[in-house]
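A short write-up of the structure that comes next.
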Amino acid sequence: MPEMSIREAVSLGLREALDADERVFLMGEDIGSYGGAYAVTKGFLEKYGPDRVRDVPIAEAVIVGAGVGAAMGGMKPVVEVMTINFTLLAMDQIVNHAAKMRYMSNGQFEVPMVIRTVTGGGGQLGATHSQNFEGWYASVPGLKVAVPSTPYDALGLLRTAIADRNPTIFAEHALLYGVKGEVPKERYEVPFGKAEVRRQGKDVTIVAYLRMVSVAMKAAEALAAKGVQVEVVDLRSLRPLDVATVVESVKKTSRAVVVEENWRTGGFAAEVASAVQEQAFDHLDGPVGRVGGLEVPMPYNRSLEAAAIPTPDRVVETIERLYGL
Amino acid sequence: MKVAPKLEKTLVQDLYRQMVLIRRFEEESGRLYMQGRIHGFLHLYIGEEAIAVGSIPILGPDDYVVSHYRDHGHALARGLDPKAAMAELLGKATGCSGGRGGSMHLFDLKRGFMGGYAIVGGQMPIAVGLALGIKMRRERRVVLCFFGDGAANEGEFHESLNLASIWKLPVIFFLENNLYGMGSHVDKTHATGRDLYLAAEPYQIPAVQVDGMDLLAVRETVLHAIDRVRSDAGPVFIEAMAYRFRGHSMADPSAYRDSAEVELWKKRDPIETFRVRMFTDGLLGPADVARIEKEVEAAVAEAAKFAEESPEPTPESIHDHVYG
């Protein structure tokens with residue numbers, strides 16, 4: 001099986017879509033002559049031309065809104081918002097329009113659009129460029145939210161997102177682009193709403209997504225050295241959310257900790273924790289734990305930033321404290 | 001520049017009928033609101049009929065109309081069935097949005113009525129995207145996008161004008177300036193005062209101001225605009241000066257407006273103005289007016305009856321159309 005990075009997987013998925021369907025086009029800030037802020041669309045302008053690889057002014061509301069309109073008229077836009085922090089400038093279009101068009105029009109109009117964006121901290125980009133809003137979007141009916149942590153999932157989920165007839169937030173983590181993994185040559189898709197068990201264990205379940213999956217895996221290794229067997233569940237999409245796989249795991253382990261990079265207050269981990277206690281209460285040996293980002297705007301300083309983002313050590317400590325393991 | 005074709009009697013009578021239909025439809029919906037049959041917000045188009053009827057009927061069947069929350073007049077001028085519109089105001093399953101949209105969110109795919117939008121300025125990027133799709137598919141459609149004076153201060157307004165201009169997109173930006181964004185007068189809210197069309201100039205978009213109380217003036221302006229936009233010359237901006245005779249919504253007692261000002265504008269009633277002029281030109285007579293009035297009255301009564309008698313959406317349908 002060939003190996004590729006997440007950057008290459010996303011790039012491949014986009015090229016496939018452009019090759020397969022003339023209604024597909026890309027639109028975003030510096031995706032053309034610059035090649036994309038994270039180099040995902042490098043060489044696209046030369047290959048597909050300025051009509052289908054559209055550089056736009058820095059004007060997020062109209063970038064996303066034009067995607068909504070184009071999709072309503074029969075196109076299949078893949079819109080890139082450089083980072084999820086900038087989607088706040090397009091939130092009206094995402095939440096008030098893209099998400100509600102089908103419902104408000106009683107199914108007459110649909111918005112088959114993918115909004116690709118970059119989420120997450122850890123690159124010392126400071127408070128305004130290091131946030132994780134994918135959980136917010138996951139609370140909105142009408143949207144779907146995909147969160148790939150491997151090249152396999154990035155390609156498989158992107159194929160699903162482009163084929164989907166609903167607006168999808170496709171959140172790529174800034175620090176994961178270089179992560180490599182095997183990707184089969186044969187065509188496959190990763191459906192939304194299907195979590196993946198990354199590591200089997202019988203003592204405690206850690207639920208995570210995006211970069212927190214690797215944090216969870218490291219915590220699992222550390223705990224394994226102490227004789228605790230951790231199961232790690234990677235959500236892969238936040239909406240739809242695969243509660244069943246999480247609950248199945250918790251029935252086996254009786255303990256669950258949810259890890260997210262976002263602030264804990266009102267964070268997505270609370271949603272998962274709530275679902276677990278509602279659906280697996282009788283199987284639990286202790287409270288469902290949460291590990292999240294510290295409640296501070298992301299500091300620039302390297303060591304402060306590292307302290308703000310969940311680490312394997314913090315996950316291990318939480319598990320030991322909650323369950324006395 | 002193309003000269004507007006000479007008006008035919010049948011066209012004049014149809015335009016007159018459409019304005020009267022909007023007026024009577026709005027009066028009836030106002031009544032139903034007061035009777036507690038319509039809920040939520042209800043924004044009446046009374047006083048601004050010459051804009052919708054002066055512009056929308058010029059479009060071809062494949063063109064798109066994008067509206068705002070004061071959308072009944074635009075929808076009716078686009079040929080949306082008054083029964084489906086009234087049923088929507090009453091939240092019925094037979095409404096043009098299945099009772100899911102309401103007064104501010106009328107939709108009609110078959111007629112290219114791409115929706116009423118209730119976030120001020122939010123419809124403008126969408127209109128730009130519709131126009132982008134048209135251009136990419138090399139079609140000859142145009143988008144007619146309405147918005148109010150309030151929208152001209154939104155970021156989405158400026159972003160939309162800029163992008164449409166850069167990409168030379170087939171969209172007519174149509175500003176209905178009724179002088180008040182809810183209760184705030186444009187003099188207090190816009191750096192350019194009342195001449196909001198000047199805001200289009202920095203974006204290199206040809207812009208004109210027209211008397212929005214005069215159907216023929218609106219019609220002539222839009223005829224020229226559509227020609228230009230359809231020939232792939234890029235967007236056009238039209239500002240029509242108008243006035244709503246009622247409050248912002250049914251909940252608005254309109255205390256911020258001087259009654260003398262309201263009366264002054266009412267003397268320029270667009271329906272009356274058009275009627276008098278067409279009487280003079282011999283294209284409309286008292287018998288025509290009486291006949292049209294009767295026809296419209298019957299159509300509005302039928303719409304109200306249809307809406308009242310239509311079923312509510314079923315509770316089981318609540319999750320329909322969230323996803324597809």
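Letters for chains follow the order of the structure tokens (A, B, ...), residue numbers begin at 1 for each chain, and ligand numbers begin at 1 in the order shown.
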Next item on the list: Mind checking which residues fall within 10 Å of Asp313 (chain A), counting only C-alpha atoms, ignoring those fewer than 2 positions away in the same chain, and posting them as a PyMOL selection string?
Entry: chain A and resi 215-216+218-219+222-223+310-311+315-319
Using only N, CA, C and O atoms, please write the residues we just selected to a file, as a CSV table (one decimal), in the first residue's frame.
```csv
chain,number,residue,atom,x,y,z
A,215,VAL,N,-2.5,12.1,21.0
A,215,VAL,CA,-2.3,12.3,22.5
A,215,VAL,C,-2.8,11.1,23.2
A,215,VAL,O,-2.2,10.6,24.2
A,216,ALA,N,-4.0,10.7,22.8
A,216,ALA,CA,-4.6,9.6,23.5
A,216,ALA,C,-3.8,8.3,23.3
A,216,ALA,O,-3.6,7.5,24.3
A,218,LYS,N,-0.6,8.1,22.9
A,218,LYS,CA,0.6,8.2,23.8
A,218,LYS,C,0.3,7.9,25.2
A,218,LYS,O,1.0,7.2,26.0
A,219,ALA,N,-0.9,8.4,25.6
A,219,ALA,CA,-1.3,8.2,27.0
A,219,ALA,C,-1.6,6.7,27.2
A,219,ALA,O,-1.2,6.1,28.3
A,222,ALA,N,1.7,4.9,27.7
A,222,ALA,CA,2.2,5.2,29.1
A,222,ALA,C,1.5,4.3,30.1
A,222,ALA,O,2.1,3.8,31.0
A,223,LEU,N,0.2,4.2,30.0
A,223,LEU,CA,-0.6,3.5,30.9
A,223,LEU,C,-0.4,2.0,30.8
A,223,LEU,O,-0.4,1.2,31.7
A,310,PRO,N,-4.1,19.9,25.9
A,310,PRO,CA,-4.0,18.6,26.5
A,310,PRO,C,-2.7,17.8,26.1
A,310,PRO,O,-2.4,17.8,24.9
A,311,THR,N,-2.1,17.2,27.1
A,311,THR,CA,-0.9,16.3,26.8
A,311,THR,C,-1.2,14.9,27.3
A,311,THR,O,-2.1,14.7,28.1
A,315,VAL,N,-3.7,13.4,30.4
A,315,VAL,CA,-4.7,12.4,30.2
A,315,VAL,C,-4.4,11.2,31.2
A,315,VAL,O,-5.4,10.8,31.9
A,316,VAL,N,-3.2,10.9,31.3
A,316,VAL,CA,-2.8,9.8,32.3
A,316,VAL,C,-3.2,10.2,33.7
A,316,VAL,O,-3.8,9.4,34.4
A,317,GLU,N,-2.8,11.4,34.1
A,317,GLU,CA,-3.1,11.9,35.4
A,317,GLU,C,-4.6,11.9,35.7
A,317,GLU,O,-5.1,11.5,36.8
A,318,THR,N,-5.4,12.3,34.7
A,318,THR,CA,-6.9,12.3,34.8
A,318,THR,C,-7.4,10.9,35.1
A,318,THR,O,-8.3,10.7,36.0
A,319,ILE,N,-6.9,10.0,34.3
A,319,ILE,CA,-7.4,8.6,34.4
A,319,ILE,C,-7.0,8.0,35.8
A,319,ILE,O,-7.8,7.4,36.5
```
Note to self: If we count only C-alpha atoms and set the cut-off at 8 Å, which residues sit around Val20 (chain B), ignoring sequence neighbours fewer than 5 positions away in its own chain? Please answer as an NGL selection string.
What the structure shows: :B and (271 or 293 or 296)
Convert the current residue selection to file output with N, CA, C and O atoms, as an mmCIF file, in the first residue's frame.
```cif
data_model
loop_
_atom_site.group_PDB
_atom_site.id
_atom_site.type_symbol
_atom_site.label_atom_id
_atom_site.label_comp_id
_atom_site.auth_asym_id
_atom_site.auth_seq_id
_atom_site.Cartn_x
_atom_site.Cartn_y
_atom_site.Cartn_z
ATOM 1 N N ILE B 271 -49.518 52.999 -7.128
ATOM 2 C CA ILE B 271 -50.633 52.423 -7.891
ATOM 3 C C ILE B 271 -51.487 53.547 -8.489
ATOM 4 O O ILE B 271 -51.843 53.523 -9.671
ATOM 5 N N GLU B 293 -59.896 45.062 -10.053
ATOM 6 C CA GLU B 293 -60.122 45.099 -8.610
ATOM 7 C C GLU B 293 -60.932 43.874 -8.163
ATOM 8 O O GLU B 293 -60.618 43.222 -7.166
ATOM 9 N N VAL B 296 -58.842 40.614 -8.510
ATOM 10 C CA VAL B 296 -57.821 40.530 -7.454
ATOM 11 C C VAL B 296 -58.462 40.209 -6.110
ATOM 12 O O VAL B 296 -57.967 39.367 -5.351
#
```
Margin query: With distances taken over only C-alpha atoms, which residue among A:Val62, A:Val56, A:Met1, A:Ala220 lies nearest chain B?
Written below: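 Of A:Val62, A:Val56, A:Met1, A:Ala220, the one nearest chain B is A:Val62, counting only C-alpha atoms.
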Next item on the list: Identify, on the basis of only C-alpha atoms, every residue whose closest approach to Met72 (chain A) does not exceed 9 Å; exclude the query and any residue fewer than 5 positions from it along the same chain; express the result as JSON, numbers by chain.
Entry: {"A": [67, 101, 109, 110, 111, 112], "B": [114, 126, 129, 130]}
Check: Out of B:Ala191, B:Ile318, B:Ala52, B:Ala240, which residue has the shortest atom-to-atom distance to chain A when counting only C-alpha atoms?
Finding: B:Ile318
